[in-house]
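Student: Below: one structure in structure tokens.
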Amino acid sequence: MPFVRIDIPTATSNAHAEALSQAVHAALAETFDVPPDDRFQVVTRHGPGAIVCTPAYLGVRHTTHVALVQITCSPGRSRDQKRVLFARIAQQAEQHAGFAASDVVIHLVETLRENWSFGNGIAQYTLETDS
Amino acid sequence: MPFVRIDIPTATSNAHAEALSQAVHAALAETFDVPPDDRFQVVTRHGPGAIVCTPAYLGVRHTTHVALVQITCSPGRSRDQKRVLFARIAQQAEQHAGFAASDVVIHLVETLRENWSFGNGIAQYTLETDS
Amino acid sequence: MPFVRIDIPTATSNAHAEALSQAVHAALAETFDVPPDDRFQVVTRHGPGAIVCTPAYLGVRHTTHVALVQITCSPGRSRDQKRVLFARIAQQAEQHAGFAASDVVIHLVETLRENWSFGNGIAQYTLETDS
């Protein structure tokens, strides 16, 4: 159910883009109890100037090699789960995907479980509670 | 008021991209009472690897020819309206846009009516209730 | 904390794209009290047909040279603040970025303050209230 948009510079290698995609998915599975086969992402590369990122905010410095990660998911996760999610993504991105942890900027958008269809025109999550 | 992002593979023909765009809009008009002239969409094509989609989730199989549809709209539609919306989009996409119904993945993001401006810097929907 | 997606036609000049990016940021700073160094945007250009925009809605006419602006931000701003934000963006876009005010279409998506990480895997806004 998470839908993830990852916006990265064109200069990112394919291997690093895939590692970042995998890092986000693995972190969601570990901390948000997302099933391993619940993976829907769009990874978009942008040329110079298309990603506009402050050089520093709240004491965190950013380079031009920044990854912007937007995760749309169902509500209900605790603050602690969110904290662990962010920490895992940044850590894994730095270890495996060539992004400094400081250059991984993430936010969540929460939307109701009834708002999802995973194909065949069915709102699969409404079947859990209605039937 | 709906704002629709449609992410599809580069391999999609122009005719099929237009048919999918039209299918989403027609379904919103039919099931969400969206006015016919309330149409704002961004259709983005992605090369191989940029759309990351599970091969199967909740018993629905996906190919690489998948369409990811994100609809931002005002809140207030019923579960039944949402179910019919999803069904109509998937059905029309399969009939007219070259996507299997199983490869049409949709979600809604709901945001307040006061959060929209349709040009000229005016929050048009706030005029309904404030004036 | 706002995360801004700006979708514009390929035909937009670099100078106008930058002016629009700056107009949105300046308006957020002025009307939503966004800090000047809190700037995270993705500006994406789209070829003909990829931006699908009604020719007119609610009495506002649109050309093909339209800018679609999606601002994800924290909740809590008043209706009046939102009205002023929209007005400022449209006005500045017309004065400096080559878009008619009628061709600036904006919406907000609001998400909790705990849903943001500005790097280093930390949910910076949760530190304000928890520590």
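Residue numbering restarts at 1 for every chain of the structure tokens, chains are lettered A, B, ... in their displayed order, and ligands are numbered from 1 as they appear.
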Find the residues around B:Arg79 up to 9 Å (only C-alpha atoms counted), leave out those fewer than 2 positions away in its own chain, and share them as a list of chain:residue names.

Tutor: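 That gives A:Glu114, A:Asn115, A:Ala123, A:Thr126, B:Arg77, B:Gln81, B:Lys82, B:Arg83, B:Val84.
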
Student: What residues in chain C lie within 9 Å of chain B, counting only C-alpha atoms, written as a ChimeraX atom specification?

Tutor: /C:7,46,49-58,60-62,68,79,82-91,100-110

Student: Output as number ranges by chain all residues of chain B that backbone DSSP marks as alpha helix (DSSP H).

Tutor: B: 14-32, 79-96, 124-130

Student: What does the distance from atom CA of C:Asp80 to atom CA of C:His96 come to in Å, to one decimal?

Tutor: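 Value for the atom CA of C:Asp80-atom CA of C:His96 distance: 24.0 Å.
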
Student: For atom CA of C:Pro75 and atom CA of C:Leu28, quote the distance in Å rounded to one decimal.

Tutor: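 Interatomic distance here is 13.4 Å.
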
Student: Just give me the gap between atom CA of A:Ala93 and atom CA of B:Ala67 in Å, one decimal is fine.

Tutor: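 Calculated distance between atom CA of A:Ala93 and atom CA of B:Ala67 is 26.9 Å.
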
Student: With only C-alpha atoms as the atoms that count, which of C:His65, C:Ala29, C:Phe99, C:Glu128 lies nearest to C:Thr10?

Tutor: C:His65

Student: Can you tell me, as a ChimeraX atom specification, which residues in chain C count as strand (DSSP E or B) by DSSP?

Tutor: /C:3-9,40-46,51-53,56-57,60-61,67-73,104-110,116-117

Student: Keeping only C-alpha atoms, write those residues as a PDB file, in the first residue's frame.

Tutor:
```pdb
ATOM      1  CA  PHE C   3       7.648  20.029  -0.543  1.00  0.00           C
ATOM      2  CA  VAL C   4       6.693  21.537  -3.875  1.00  0.00           C
ATOM      3  CA  ARG C   5       6.148  19.874  -7.227  1.00  0.00           C
ATOM      4  CA  ILE C   6       5.937  22.246 -10.161  1.00  0.00           C
ATOM      5  CA  ASP C   7       4.875  20.812 -13.516  1.00  0.00           C
ATOM      6  CA  ILE C   8       5.370  23.092 -16.510  1.00  0.00           C
ATOM      7  CA  PRO C   9       5.609  22.834 -20.289  1.00  0.00           C
ATOM      8  CA  PHE C  40      12.567  21.577  -1.367  1.00  0.00           C
ATOM      9  CA  GLN C  41      11.142  21.522  -4.884  1.00  0.00           C
ATOM     10  CA  VAL C  42      10.990  19.370  -7.963  1.00  0.00           C
ATOM     11  CA  VAL C  43      10.412  21.237 -11.222  1.00  0.00           C
ATOM     12  CA  THR C  44       9.428  18.914 -14.067  1.00  0.00           C
ATOM     13  CA  ARG C  45       8.955  19.882 -17.697  1.00  0.00           C
ATOM     14  CA  HIS C  46       6.494  18.053 -19.892  1.00  0.00           C
ATOM     15  CA  ILE C  51      -0.118  18.196 -19.177  1.00  0.00           C
ATOM     16  CA  VAL C  52      -3.852  17.787 -19.682  1.00  0.00           C
ATOM     17  CA  CYS C  53      -5.667  20.950 -18.668  1.00  0.00           C
ATOM     18  CA  ALA C  56     -11.813  26.657 -18.872  1.00  0.00           C
ATOM     19  CA  TYR C  57     -13.200  25.857 -15.405  1.00  0.00           C
ATOM     20  CA  VAL C  60     -11.072  30.803 -15.589  1.00  0.00           C
ATOM     21  CA  ARG C  61      -9.588  30.217 -19.040  1.00  0.00           C
ATOM     22  CA  ALA C  67       1.777  25.686 -14.445  1.00  0.00           C
ATOM     23  CA  LEU C  68       0.506  23.032 -12.042  1.00  0.00           C
ATOM     24  CA  VAL C  69       1.800  23.581  -8.514  1.00  0.00           C
ATOM     25  CA  GLN C  70       1.362  20.982  -5.763  1.00  0.00           C
ATOM     26  CA  ILE C  71       2.480  22.032  -2.296  1.00  0.00           C
ATOM     27  CA  THR C  72       2.734  19.422   0.434  1.00  0.00           C
ATOM     28  CA  CYS C  73       2.935  21.137   3.807  1.00  0.00           C
ATOM     29  CA  VAL C 104      -1.322  29.064 -12.420  1.00  0.00           C
ATOM     30  CA  VAL C 105      -3.221  26.152 -10.858  1.00  0.00           C
ATOM     31  CA  ILE C 106      -2.308  25.346  -7.266  1.00  0.00           C
ATOM     32  CA  HIS C 107      -3.309  22.897  -4.586  1.00  0.00           C
ATOM     33  CA  LEU C 108      -2.130  22.013  -1.110  1.00  0.00           C
ATOM     34  CA  VAL C 109      -1.766  18.584   0.460  1.00  0.00           C
ATOM     35  CA  GLU C 110      -1.461  18.778   4.236  1.00  0.00           C
ATOM     36  CA  TRP C 116       8.961  14.988   7.747  1.00  0.00           C
ATOM     37  CA  SER C 117      12.647  14.161   7.742  1.00  0.00           C
TER      38      SER C 117
END
```
